[in-house]
file model.pdb (PDB, C-alpha atoms)
ATOM      1  CA  MET N   1      13.184  -3.072  -5.892  1.00  0.00           C
ATOM      2  CA  ARG N   2      15.341  -5.689  -4.108  1.00  0.00           C
ATOM      3  CA  LYS N   3      17.933  -3.050  -3.242  1.00  0.00           C
ATOM      4  CA  LEU N   4      15.248  -0.767  -1.816  1.00  0.00           C
ATOM      5  CA  PHE N   5      13.837  -3.639   0.251  1.00  0.00           C
ATOM      6  CA  PHE N   6      17.328  -4.517   1.570  1.00  0.00           C
ATOM      7  CA  ILE N   7      18.098  -0.886   2.458  1.00  0.00           C
ATOM      8  CA  PHE N   8      14.772  -0.627   4.300  1.00  0.00           C
ATOM      9  CA  ILE N   9      15.435  -3.785   6.356  1.00  0.00           C
ATOM     10  CA  LEU N  10      19.015  -2.734   7.117  1.00  0.00           C
ATOM     11  CA  SER N  11      18.047   0.759   8.246  1.00  0.00           C
ATOM     12  CA  VAL N  12      15.192  -0.495  10.415  1.00  0.00           C
ATOM     13  CA  SER N  13      17.406  -3.154  11.998  1.00  0.00           C
ATOM     14  CA  SER N  14      20.160  -0.659  12.864  1.00  0.00           C
ATOM     15  CA  VAL N  15      17.940   1.721  14.847  1.00  0.00           C
ATOM     16  CA  HIS N  16      18.013   0.571  18.493  1.00  0.00           C
ATOM     17  CA  PHE N  17      15.911   3.168  20.319  1.00  0.00           C
ATOM     18  CA  LEU N  18      12.730   2.315  18.451  1.00  0.00           C
ATOM     19  CA  SER N  19      10.127  -0.202  19.503  1.00  0.00           C
ATOM     20  CA  ALA N  20       6.619  -1.326  18.683  1.00  0.00           C
ATOM     21  CA  GLN N  21       3.719   1.044  18.966  1.00  0.00           C
ATOM     22  CA  ASN N  22       0.149  -0.142  18.713  1.00  0.00           C
ATOM     23  CA  TYR N  23      -2.304   2.018  16.835  1.00  0.00           C
ATOM     24  CA  ASN N  24      -5.886   1.882  15.667  1.00  0.00           C
ATOM     25  CA  THR N  25      -5.819   4.073  12.573  1.00  0.00           C
ATOM     26  CA  ALA N  26      -3.113   5.560  10.377  1.00  0.00           C
ATOM     27  CA  LEU N  27      -3.340   8.128   7.570  1.00  0.00           C
ATOM     28  CA  GLY N  28      -0.584   9.100   5.165  1.00  0.00           C
ATOM     29  CA  ILE N  29       0.920   9.239   1.708  1.00  0.00           C
ATOM     30  CA  ARG N  30       1.799   6.381  -0.637  1.00  0.00           C
ATOM     31  CA  ALA N  31       4.570   6.824  -3.198  1.00  0.00           C
ATOM     32  CA  GLY N  32       5.213   4.436  -6.077  1.00  0.00           C
ATOM     33  CA  ALA N  33       4.004   3.913  -9.627  1.00  0.00           C
ATOM     34  CA  PHE N  34       0.589   4.907  -8.282  1.00  0.00           C
ATOM     35  CA  ASN N  35       0.943   7.861  -5.874  1.00  0.00           C
ATOM     36  CA  GLY N  36      -1.806   8.629  -3.431  1.00  0.00           C
ATOM     37  CA  VAL N  37      -3.255   8.486   0.064  1.00  0.00           C
ATOM     38  CA  SER N  38      -3.476   5.484   2.410  1.00  0.00           C
ATOM     39  CA  LEU N  39      -5.840   5.013   5.363  1.00  0.00           C
ATOM     40  CA  LYS N  40      -5.402   1.878   7.495  1.00  0.00           C
ATOM     41  CA  HIS N  41      -7.629   0.826  10.391  1.00  0.00           C
ATOM     42  CA  PHE N  42      -7.156  -2.207  12.649  1.00  0.00           C
ATOM     43  CA  LEU N  43     -10.210  -4.341  13.359  1.00  0.00           C
ATOM     44  CA  SER N  44      -8.254  -6.444  15.892  1.00  0.00           C
ATOM     45  CA  SER N  45      -4.598  -6.854  16.898  1.00  0.00           C
ATOM     46  CA  ARG N  46      -3.759  -8.716  13.647  1.00  0.00           C
ATOM     47  CA  HIS N  47      -6.510  -7.787  11.173  1.00  0.00           C
ATOM     48  CA  ALA N  48      -6.755  -4.460   9.367  1.00  0.00           C
ATOM     49  CA  VAL N  49      -8.542  -2.825   6.467  1.00  0.00           C
ATOM     50  CA  GLU N  50      -6.790  -0.335   4.211  1.00  0.00           C
ATOM     51  CA  GLY N  51      -8.214   2.132   1.731  1.00  0.00           C
ATOM     52  CA  ILE N  52      -5.976   3.602  -0.956  1.00  0.00           C
ATOM     53  CA  LEU N  53      -6.807   6.527  -3.228  1.00  0.00           C
ATOM     54  CA  SER N  54      -4.263   6.495  -6.092  1.00  0.00           C
ATOM     55  CA  PHE N  55      -3.566   8.912  -8.914  1.00  0.00           C
ATOM     56  CA  ARG N  56      -2.047   8.073 -12.308  1.00  0.00           C
ATOM     57  CA  TRP N  57      -2.558   9.013 -15.962  1.00  0.00           C
ATOM     58  CA  GLN N  58      -4.659  12.046 -14.996  1.00  0.00           C
ATOM     59  CA  GLY N  59      -7.178   9.744 -13.362  1.00  0.00           C
ATOM     60  CA  PHE N  60      -7.642   7.909 -10.093  1.00  0.00           C
ATOM     61  CA  SER N  61      -8.431   4.559  -8.558  1.00  0.00           C
ATOM     62  CA  VAL N  62      -9.867   3.470  -5.215  1.00  0.00           C
ATOM     63  CA  THR N  63      -8.658   0.237  -3.598  1.00  0.00           C
ATOM     64  CA  GLY N  64      -9.992  -1.559  -0.533  1.00  0.00           C
ATOM     65  CA  LEU N  65      -7.828  -4.228   1.152  1.00  0.00           C
ATOM     66  CA  TYR N  66      -8.188  -6.710   4.005  1.00  0.00           C
ATOM     67  CA  GLU N  67      -4.803  -7.389   5.659  1.00  0.00           C
ATOM     68  CA  ILE N  68      -3.373  -9.827   8.206  1.00  0.00           C
ATOM     69  CA  HIS N  69      -0.321  -8.675  10.235  1.00  0.00           C
ATOM     70  CA  ASP N  70       2.368 -10.647  12.102  1.00  0.00           C
ATOM     71  CA  GLN N  71       5.677  -9.740  13.773  1.00  0.00           C
ATOM     72  CA  ALA N  72       8.689  -9.957  11.448  1.00  0.00           C
ATOM     73  CA  PHE N  73      12.296 -11.000  12.081  1.00  0.00           C
ATOM     74  CA  ASP N  74      11.929 -10.707  15.892  1.00  0.00           C
ATOM     75  CA  VAL N  75      12.354  -6.933  15.547  1.00  0.00           C
ATOM     76  CA  GLN N  76      10.073  -5.036  17.888  1.00  0.00           C
ATOM     77  CA  GLY N  77       7.863  -2.675  15.869  1.00  0.00           C
ATOM     78  CA  LEU N  78       8.406  -4.490  12.553  1.00  0.00           C
ATOM     79  CA  GLN N  79       5.497  -6.432  11.088  1.00  0.00           C
ATOM     80  CA  TRP N  80       4.906  -8.181   7.808  1.00  0.00           C
ATOM     81  CA  TYR N  81       1.461  -8.377   6.297  1.00  0.00           C
ATOM     82  CA  TYR N  82      -0.461  -9.870   3.417  1.00  0.00           C
ATOM     83  CA  GLY N  83      -3.981  -9.521   2.138  1.00  0.00           C
ATOM     84  CA  PHE N  84      -6.421  -9.128  -0.705  1.00  0.00           C
ATOM     85  CA  GLY N  85      -9.032  -6.705  -1.980  1.00  0.00           C
ATOM     86  CA  ALA N  86     -10.513  -4.969  -4.988  1.00  0.00           C
ATOM     87  CA  HIS N  87     -10.199  -1.728  -6.934  1.00  0.00           C
ATOM     88  CA  VAL N  88     -12.088   0.532  -9.304  1.00  0.00           C
ATOM     89  CA  GLY N  89     -10.391   3.155 -11.467  1.00  0.00           C
ATOM     90  CA  PHE N  90     -11.352   5.992 -13.812  1.00  0.00           C
ATOM     91  CA  TRP N  91      -9.106   7.575 -16.490  1.00  0.00           C
ATOM     92  CA  ASP N  92      -9.306   9.815 -19.489  1.00  0.00           C
ATOM     93  CA  GLY N  93      -8.412   7.416 -22.319  1.00  0.00           C
ATOM     94  CA  ARG N  94      -6.462  10.099 -24.171  1.00  0.00           C
ATOM     95  CA  ASN N  95      -3.840  10.067 -21.370  1.00  0.00           C
ATOM     96  CA  VAL N  96      -3.001   6.346 -21.444  1.00  0.00           C
ATOM     97  CA  ARG N  97      -1.130   4.431 -24.108  1.00  0.00           C
ATOM     98  CA  TRP N  98      -3.177   1.251 -23.807  1.00  0.00           C
ATOM     99  CA  THR N  99      -6.389   2.593 -25.344  1.00  0.00           C
ATOM    100  CA  ASP N 100      -7.375   3.718 -28.800  1.00  0.00           C
ATOM    101  CA  GLY N 101      -8.127   7.232 -27.602  1.00  0.00           C
ATOM    102  CA  VAL N 102     -11.483   6.331 -26.052  1.00  0.00           C
ATOM    103  CA  ASP N 103     -12.511   9.278 -23.862  1.00  0.00           C
ATOM    104  CA  ASN N 104     -13.328   7.568 -20.569  1.00  0.00           C
ATOM    105  CA  GLN N 105     -11.880   4.351 -19.166  1.00  0.00           C
ATOM    106  CA  VAL N 106     -13.275   2.425 -16.210  1.00  0.00           C
ATOM    107  CA  ILE N 107     -11.523  -0.591 -14.716  1.00  0.00           C
ATOM    108  CA  LEU N 108     -12.549  -3.012 -12.007  1.00  0.00           C
ATOM    109  CA  GLY N 109     -10.375  -5.754 -10.559  1.00  0.00           C
ATOM    110  CA  VAL N 110      -8.873  -7.664  -7.661  1.00  0.00           C
ATOM    111  CA  ASP N 111      -5.698  -6.954  -5.698  1.00  0.00           C
ATOM    112  CA  GLY N 112      -3.215  -8.750  -3.497  1.00  0.00           C
ATOM    113  CA  ILE N 113      -0.716  -7.160  -1.115  1.00  0.00           C
ATOM    114  CA  ILE N 114       2.385  -8.237   0.786  1.00  0.00           C
ATOM    115  CA  GLY N 115       4.662  -5.938   2.722  1.00  0.00           C
ATOM    116  CA  LEU N 116       6.627  -4.807   5.755  1.00  0.00           C
ATOM    117  CA  GLU N 117       5.594  -2.070   8.172  1.00  0.00           C
ATOM    118  CA  TYR N 118       7.610  -0.405  10.933  1.00  0.00           C
ATOM    119  CA  ASN N 119       6.068   1.618  13.789  1.00  0.00           C
ATOM    120  CA  PHE N 120       8.366   4.172  15.422  1.00  0.00           C
ATOM    121  CA  ALA N 121       8.166   4.317  19.234  1.00  0.00           C
ATOM    122  CA  GLU N 122       9.349   7.903  19.733  1.00  0.00           C
ATOM    123  CA  ILE N 123       7.028   9.509  17.193  1.00  0.00           C
ATOM    124  CA  PRO N 124       3.526   8.568  15.967  1.00  0.00           C
ATOM    125  CA  ILE N 125       4.724   7.617  12.465  1.00  0.00           C
ATOM    126  CA  ASN N 126       5.061   4.363  10.581  1.00  0.00           C
ATOM    127  CA  ILE N 127       6.648   3.476   7.282  1.00  0.00           C
ATOM    128  CA  SER N 128       5.762   0.554   5.058  1.00  0.00           C
ATOM    129  CA  LEU N 129       7.143  -1.028   1.926  1.00  0.00           C
ATOM    130  CA  ASP N 130       4.811  -3.261  -0.037  1.00  0.00           C
ATOM    131  CA  TRP N 131       3.993  -4.871  -3.351  1.00  0.00           C
ATOM    132  CA  LYS N 132       0.364  -4.703  -4.515  1.00  0.00           C
ATOM    133  CA  PRO N 133      -0.197  -6.628  -7.757  1.00  0.00           C
ATOM    134  CA  ALA N 134      -3.593  -6.230  -9.421  1.00  0.00           C
ATOM    135  CA  LEU N 135      -5.674  -8.085 -11.977  1.00  0.00           C
ATOM    136  CA  ASN N 136      -8.129  -5.973 -13.949  1.00  0.00           C
ATOM    137  CA  LEU N 137     -11.255  -7.946 -14.817  1.00  0.00           C
ATOM    138  CA  ILE N 138     -13.404  -5.228 -16.406  1.00  0.00           C
ATOM    139  CA  GLY N 139     -12.152  -2.473 -18.676  1.00  0.00           C
ATOM    140  CA  TYR N 140      -8.536  -2.771 -19.704  1.00  0.00           C
ATOM    141  CA  SER N 141      -8.075  -6.343 -18.469  1.00  0.00           C
ATOM    142  CA  GLY N 142      -4.745  -7.813 -17.537  1.00  0.00           C
ATOM    143  CA  PHE N 143      -2.200  -8.291 -14.762  1.00  0.00           C
ATOM    144  CA  TRP N 144      -0.494  -5.211 -13.305  1.00  0.00           C
ATOM    145  CA  ALA N 145       2.684  -6.009 -11.367  1.00  0.00           C
ATOM    146  CA  ASP N 146       3.905  -2.416 -10.859  1.00  0.00           C
ATOM    147  CA  GLY N 147       2.015  -1.745  -7.613  1.00  0.00           C
ATOM    148  CA  GLY N 148       5.007  -1.483  -5.285  1.00  0.00           C
ATOM    149  CA  ALA N 149       5.140   1.551  -2.980  1.00  0.00           C
ATOM    150  CA  ILE N 150       6.464   3.147   0.171  1.00  0.00           C
ATOM    151  CA  SER N 151       3.919   4.632   2.568  1.00  0.00           C
ATOM    152  CA  VAL N 152       4.489   7.060   5.449  1.00  0.00           C
ATOM    153  CA  ARG N 153       1.560   7.419   7.827  1.00  0.00           C
ATOM    154  CA  TYR N 154       0.625   9.388  10.950  1.00  0.00           C
ATOM    155  CA  LEU N 155      -0.673   7.078  13.707  1.00  0.00           C
ATOM    156  CA  PHE N 156      -3.886   7.731  15.625  1.00  0.00           C
ATOM    157  CA  ARG N 157      -4.283   5.752  18.838  1.00  0.00           C
TER     158      ARG N 157
END
call {"tool": "encode", "arguments": {"input": "model.pdb", "output": "structure tokens"}}
result
Amino acid sequence: MRKLFFIFILSVSSVHFLSAQNYNTALGIRAGAFNGVSLKHFLSSRHAVEGILSFRWQGFSVTGLYEIHDQAFDVQGLQWYYGFGAHVGFWDGRNVRWTDGVDNQVILGVDGIIGLEYNFAEIPINISLDWKPALNLIGYSGFWADGGAISVRYLFR
């Protein structure tokens, strides 16, 4: 994960023709331990909400996040962000190793997020790298630290 983060920062820093691009809404894919779809919408210049629909273990989860953005490393177009939210998930218990074969599993919990996001100036695309740990409170309870992902989104102005 550290190597991936370093490669991301290095590649973003070495591209000189790119600059910041403001956007209101972005929609794209999220790839990590939980693959899915990400929709982010800015409420103001620094505050955004993000919805994530993730798929894993032949089931799905829905996450809602509130995020705060700030410029990172004095690189135009690069922002870091952090936030919090909640999730609900549904799985067939026969497809996960942490149940005793119970047919349906429902989880409910809280999430945190911290990450970096880069907006390309020449094309309406951004890329983000983040870590989204989660704590399940209902259902299979426990801390899940494997929520890191890379997202690529199309920007709507």
call {"tool": "resolve_selection", "arguments": {"input": "model.pdb", "expression": "the PyMOL selection byres ((chain N and resi 63) around 12)", "output": "compact mmCIF listing (two decimals) with C-alpha atoms, in the frame of the given file"}}
result
# COMPACT_ATOMS: atom_id res chain seq x y z
CA PHE N 34 0.59 4.91 -8.28
CA GLY N 36 -1.81 8.63 -3.43
CA VAL N 37 -3.26 8.49 0.06
CA SER N 38 -3.48 5.48 2.41
CA LEU N 39 -5.84 5.01 5.36
CA LYS N 40 -5.40 1.88 7.50
CA VAL N 49 -8.54 -2.82 6.47
CA GLU N 50 -6.79 -0.34 4.21
CA GLY N 51 -8.21 2.13 1.73
CA ILE N 52 -5.98 3.60 -0.96
CA LEU N 53 -6.81 6.53 -3.23
CA SER N 54 -4.26 6.50 -6.09
CA PHE N 55 -3.57 8.91 -8.91
CA PHE N 60 -7.64 7.91 -10.09
CA SER N 61 -8.43 4.56 -8.56
CA VAL N 62 -9.87 3.47 -5.22
CA GLY N 64 -9.99 -1.56 -0.53
CA LEU N 65 -7.83 -4.23 1.15
CA TYR N 66 -8.19 -6.71 4.00
CA PHE N 84 -6.42 -9.13 -0.70
CA GLY N 85 -9.03 -6.70 -1.98
CA ALA N 86 -10.51 -4.97 -4.99
CA HIS N 87 -10.20 -1.73 -6.93
CA VAL N 88 -12.09 0.53 -9.30
CA GLY N 89 -10.39 3.16 -11.47
CA ILE N 107 -11.52 -0.59 -14.72
CA LEU N 108 -12.55 -3.01 -12.01
CA GLY N 109 -10.38 -5.75 -10.56
CA VAL N 110 -8.87 -7.66 -7.66
CA ASP N 111 -5.70 -6.95 -5.70
CA GLY N 112 -3.22 -8.75 -3.50
CA ILE N 113 -0.72 -7.16 -1.12
CA LYS N 132 0.36 -4.70 -4.51
CA PRO N 133 -0.20 -6.63 -7.76
CA ALA N 134 -3.59 -6.23 -9.42
CA GLY N 147 2.02 -1.74 -7.61
call {"tool": "resolve_selection", "arguments": {"input": "model.pdb", "expression": "the PyMOL selection byres ((chain N and resi 116) around 7)", "output": "list in words"}}
result
Gln79, Trp80, Tyr81, Gly115, Glu117, Tyr118, Ser128, Leu129 and Asp130 of chain N
call {"tool": "write_last_selection", "arguments": {"input": "model.pdb", "atoms": "C-alpha atoms", "output": "PDB file, in the coordinates of the input"}}
result
ATOM      1  CA  GLN N  79       5.497  -6.432  11.088  1.00  0.00           C
ATOM      2  CA  TRP N  80       4.906  -8.181   7.808  1.00  0.00           C
ATOM      3  CA  TYR N  81       1.461  -8.377   6.297  1.00  0.00           C
ATOM      4  CA  GLY N 115       4.662  -5.938   2.722  1.00  0.00           C
ATOM      5  CA  GLU N 117       5.594  -2.070   8.172  1.00  0.00           C
ATOM      6  CA  TYR N 118       7.610  -0.405  10.933  1.00  0.00           C
ATOM      7  CA  SER N 128       5.762   0.554   5.058  1.00  0.00           C
ATOM      8  CA  LEU N 129       7.143  -1.028   1.926  1.00  0.00           C
ATOM      9  CA  ASP N 130       4.811  -3.261  -0.037  1.00  0.00           C
TER      10      ASP N 130
END
call {"tool": "axis_aligned_box", "arguments": {"input": "model.pdb", "around": "stretch 130-134 of chain N", "padding_each_side": "3 Å", "output": "JSON"}}
result
{"center_x": 0.6, "center_y": -4.9, "center_z": -4.7, "size_x": 14.4, "size_y": 9.4, "size_z": 15.4}
call {"tool": "closest_residue", "arguments": {"input": "model.pdb", "among": "N:Ile123, N:Ala33, N:Val75, N:Leu27", "to": "N:Trp144", "atoms": "all atoms listed in the file"}}
result
N:Ala33
call {"tool": "closest_residue", "arguments": {"input": "model.pdb", "among": "N:Ile150, N:Leu137, N:Ala145, N:Ala26", "to": "N:Ile125", "atoms": "all atoms listed in the file"}}
result
N:Ala26
call {"tool": "resolve_selection", "arguments": {"input": "model.pdb", "expression": "the PyMOL selection byres ((chain N and resi 154) around 8)", "output": "list in words"}}
result
Ala26, Leu27, Gly28, Pro124, Ile125, Asn126, Val152, Arg153, Leu155 and Phe156 of chain N
call {"tool": "atom_distance", "arguments": {"input": "model.pdb", "atom1": "atom CA of N:Ala48", "atom2": "atom CA of N:Ser151"}}
result
15.6 Å
call {"tool": "closest_residue", "arguments": {"input": "model.pdb", "among": "N:Leu78, N:Ile127, N:Val106, N:Ile114", "to": "N:Gly59", "atoms": "all atoms listed in the file"}}
result
N:Val106
call {"tool": "atom_distance", "arguments": {"input": "model.pdb", "atom1": "atom CA of N:Arg46", "atom2": "atom CA of N:Tyr82"}}
result
10.8 Å
call {"tool": "atom_distance", "arguments": {"input": "model.pdb", "atom1": "atom CA of N:Ala31", "atom2": "atom CA of N:Ala149"}}
result
5.3 Å
call {"tool": "build_atoms", "arguments": {"input": "model.pdb", "residues": "stretch 104-140 of chain N", "atoms": "N, CA and C atoms", "output": "PDB file, in the frame of the given file"}}
result
ATOM      1  N   ASN N 104     -13.304   7.958 -21.979  1.00  0.00           N
ATOM      2  CA  ASN N 104     -13.328   7.568 -20.569  1.00  0.00           C
ATOM      3  C   ASN N 104     -13.062   6.083 -20.418  1.00  0.00           C
ATOM      4  N   GLN N 105     -12.218   5.738 -19.451  1.00  0.00           N
ATOM      5  CA  GLN N 105     -11.880   4.351 -19.166  1.00  0.00           C
ATOM      6  C   GLN N 105     -12.275   4.034 -17.730  1.00  0.00           C
ATOM      7  N   VAL N 106     -12.918   2.907 -17.538  1.00  0.00           N
ATOM      8  CA  VAL N 106     -13.275   2.425 -16.210  1.00  0.00           C
ATOM      9  C   VAL N 106     -12.711   1.016 -16.087  1.00  0.00           C
ATOM     10  N   ILE N 107     -12.030   0.752 -14.976  1.00  0.00           N
ATOM     11  CA  ILE N 107     -11.523  -0.591 -14.716  1.00  0.00           C
ATOM     12  C   ILE N 107     -12.039  -1.066 -13.373  1.00  0.00           C
ATOM     13  N   LEU N 108     -12.136  -2.374 -13.246  1.00  0.00           N
ATOM     14  CA  LEU N 108     -12.549  -3.012 -12.007  1.00  0.00           C
ATOM     15  C   LEU N 108     -11.743  -4.290 -11.887  1.00  0.00           C
ATOM     16  N   GLY N 109     -11.188  -4.560 -10.696  1.00  0.00           N
ATOM     17  CA  GLY N 109     -10.375  -5.754 -10.559  1.00  0.00           C
ATOM     18  C   GLY N 109     -10.105  -6.142  -9.126  1.00  0.00           C
ATOM     19  N   VAL N 110      -9.243  -7.134  -8.971  1.00  0.00           N
ATOM     20  CA  VAL N 110      -8.873  -7.664  -7.661  1.00  0.00           C
ATOM     21  C   VAL N 110      -7.401  -7.376  -7.397  1.00  0.00           C
ATOM     22  N   ASP N 111      -7.050  -7.296  -6.110  1.00  0.00           N
ATOM     23  CA  ASP N 111      -5.698  -6.954  -5.698  1.00  0.00           C
ATOM     24  C   ASP N 111      -5.203  -7.934  -4.648  1.00  0.00           C
ATOM     25  N   GLY N 112      -3.889  -8.075  -4.591  1.00  0.00           N
ATOM     26  CA  GLY N 112      -3.215  -8.750  -3.497  1.00  0.00           C
ATOM     27  C   GLY N 112      -2.233  -7.758  -2.902  1.00  0.00           C
ATOM     28  N   ILE N 113      -1.726  -8.032  -1.711  1.00  0.00           N
ATOM     29  CA  ILE N 113      -0.716  -7.160  -1.115  1.00  0.00           C
ATOM     30  C   ILE N 113       0.148  -7.992  -0.172  1.00  0.00           C
ATOM     31  N   ILE N 114       1.440  -7.670  -0.168  1.00  0.00           N
ATOM     32  CA  ILE N 114       2.385  -8.237   0.786  1.00  0.00           C
ATOM     33  C   ILE N 114       3.396  -7.152   1.100  1.00  0.00           C
ATOM     34  N   GLY N 115       3.750  -7.020   2.387  1.00  0.00           N
ATOM     35  CA  GLY N 115       4.662  -5.938   2.722  1.00  0.00           C
ATOM     36  C   GLY N 115       5.210  -6.001   4.132  1.00  0.00           C
ATOM     37  N   LEU N 116       6.042  -5.006   4.435  1.00  0.00           N
ATOM     38  CA  LEU N 116       6.627  -4.807   5.755  1.00  0.00           C
ATOM     39  C   LEU N 116       6.237  -3.432   6.254  1.00  0.00           C
ATOM     40  N   GLU N 117       5.987  -3.339   7.566  1.00  0.00           N
ATOM     41  CA  GLU N 117       5.594  -2.070   8.172  1.00  0.00           C
ATOM     42  C   GLU N 117       6.366  -1.894   9.477  1.00  0.00           C
ATOM     43  N   TYR N 118       6.885  -0.691   9.696  1.00  0.00           N
ATOM     44  CA  TYR N 118       7.610  -0.405  10.933  1.00  0.00           C
ATOM     45  C   TYR N 118       6.955   0.764  11.648  1.00  0.00           C
ATOM     46  N   ASN N 119       6.672   0.579  12.954  1.00  0.00           N
ATOM     47  CA  ASN N 119       6.068   1.618  13.789  1.00  0.00           C
ATOM     48  C   ASN N 119       7.146   2.201  14.692  1.00  0.00           C
ATOM     49  N   PHE N 120       7.378   3.497  14.590  1.00  0.00           N
ATOM     50  CA  PHE N 120       8.366   4.172  15.422  1.00  0.00           C
ATOM     51  C   PHE N 120       7.791   4.383  16.820  1.00  0.00           C
ATOM     52  N   ALA N 121       8.618   4.176  17.850  1.00  0.00           N
ATOM     53  CA  ALA N 121       8.166   4.317  19.234  1.00  0.00           C
ATOM     54  C   ALA N 121       8.179   5.770  19.693  1.00  0.00           C
ATOM     55  N   GLU N 122       9.159   6.534  19.250  1.00  0.00           N
ATOM     56  CA  GLU N 122       9.349   7.903  19.733  1.00  0.00           C
ATOM     57  C   GLU N 122       8.406   8.912  19.089  1.00  0.00           C
ATOM     58  N   ILE N 123       7.921   8.600  17.911  1.00  0.00           N
ATOM     59  CA  ILE N 123       7.028   9.509  17.193  1.00  0.00           C
ATOM     60  C   ILE N 123       5.860   8.706  16.626  1.00  0.00           C
ATOM     61  N   PRO N 124       4.696   9.308  16.459  1.00  0.00           N
ATOM     62  CA  PRO N 124       3.526   8.568  15.967  1.00  0.00           C
ATOM     63  C   PRO N 124       3.525   8.440  14.434  1.00  0.00           C
ATOM     64  N   ILE N 125       4.555   7.787  13.916  1.00  0.00           N
ATOM     65  CA  ILE N 125       4.724   7.617  12.465  1.00  0.00           C
ATOM     66  C   ILE N 125       5.042   6.156  12.190  1.00  0.00           C
ATOM     67  N   ASN N 126       4.575   5.646  11.056  1.00  0.00           N
ATOM     68  CA  ASN N 126       5.061   4.363  10.581  1.00  0.00           C
ATOM     69  C   ASN N 126       5.432   4.476   9.109  1.00  0.00           C
ATOM     70  N   ILE N 127       6.216   3.526   8.675  1.00  0.00           N
ATOM     71  CA  ILE N 127       6.648   3.476   7.282  1.00  0.00           C
ATOM     72  C   ILE N 127       6.439   2.047   6.803  1.00  0.00           C
ATOM     73  N   SER N 128       5.964   1.896   5.591  1.00  0.00           N
ATOM     74  CA  SER N 128       5.762   0.554   5.058  1.00  0.00           C
ATOM     75  C   SER N 128       6.279   0.475   3.627  1.00  0.00           C
ATOM     76  N   LEU N 129       6.684  -0.705   3.273  1.00  0.00           N
ATOM     77  CA  LEU N 129       7.143  -1.028   1.926  1.00  0.00           C
ATOM     78  C   LEU N 129       6.351  -2.245   1.495  1.00  0.00           C
ATOM     79  N   ASP N 130       5.647  -2.138   0.373  1.00  0.00           N
ATOM     80  CA  ASP N 130       4.811  -3.261  -0.037  1.00  0.00           C
ATOM     81  C   ASP N 130       4.790  -3.432  -1.548  1.00  0.00           C
ATOM     82  N   TRP N 131       4.244  -4.569  -1.945  1.00  0.00           N
ATOM     83  CA  TRP N 131       3.993  -4.871  -3.351  1.00  0.00           C
ATOM     84  C   TRP N 131       2.523  -5.233  -3.460  1.00  0.00           C
ATOM     85  N   LYS N 132       1.806  -4.531  -4.356  1.00  0.00           N
ATOM     86  CA  LYS N 132       0.364  -4.703  -4.515  1.00  0.00           C
ATOM     87  C   LYS N 132       0.038  -5.006  -5.983  1.00  0.00           C
ATOM     88  N   PRO N 133       0.178  -6.280  -6.383  1.00  0.00           N
ATOM     89  CA  PRO N 133      -0.197  -6.628  -7.757  1.00  0.00           C
ATOM     90  C   PRO N 133      -1.714  -6.573  -7.927  1.00  0.00           C
ATOM     91  N   ALA N 134      -2.155  -6.338  -9.154  1.00  0.00           N
ATOM     92  CA  ALA N 134      -3.593  -6.230  -9.421  1.00  0.00           C
ATOM     93  C   ALA N 134      -3.935  -6.951 -10.723  1.00  0.00           C
ATOM     94  N   LEU N 135      -5.147  -7.446 -10.782  1.00  0.00           N
ATOM     95  CA  LEU N 135      -5.674  -8.085 -11.977  1.00  0.00           C
ATOM     96  C   LEU N 135      -6.962  -7.365 -12.349  1.00  0.00           C
ATOM     97  N   ASN N 136      -6.932  -6.659 -13.468  1.00  0.00           N
ATOM     98  CA  ASN N 136      -8.129  -5.973 -13.949  1.00  0.00           C
ATOM     99  C   ASN N 136      -9.033  -6.983 -14.644  1.00  0.00           C
ATOM    100  N   LEU N 137     -10.286  -7.017 -14.246  1.00  0.00           N
ATOM    101  CA  LEU N 137     -11.255  -7.946 -14.817  1.00  0.00           C
ATOM    102  C   LEU N 137     -12.201  -7.265 -15.792  1.00  0.00           C
ATOM    103  N   ILE N 138     -12.492  -5.993 -15.557  1.00  0.00           N
ATOM    104  CA  ILE N 138     -13.404  -5.228 -16.406  1.00  0.00           C
ATOM    105  C   ILE N 138     -12.665  -3.988 -16.873  1.00  0.00           C
ATOM    106  N   GLY N 139     -12.883  -3.591 -18.102  1.00  0.00           N
ATOM    107  CA  GLY N 139     -12.152  -2.473 -18.676  1.00  0.00           C
ATOM    108  C   GLY N 139     -10.888  -2.998 -19.326  1.00  0.00           C
ATOM    109  N   TYR N 140      -9.808  -2.290 -19.168  1.00  0.00           N
ATOM    110  CA  TYR N 140      -8.536  -2.771 -19.704  1.00  0.00           C
ATOM    111  C   TYR N 140      -8.081  -3.944 -18.856  1.00  0.00           C
TER     112      TYR N 140
END
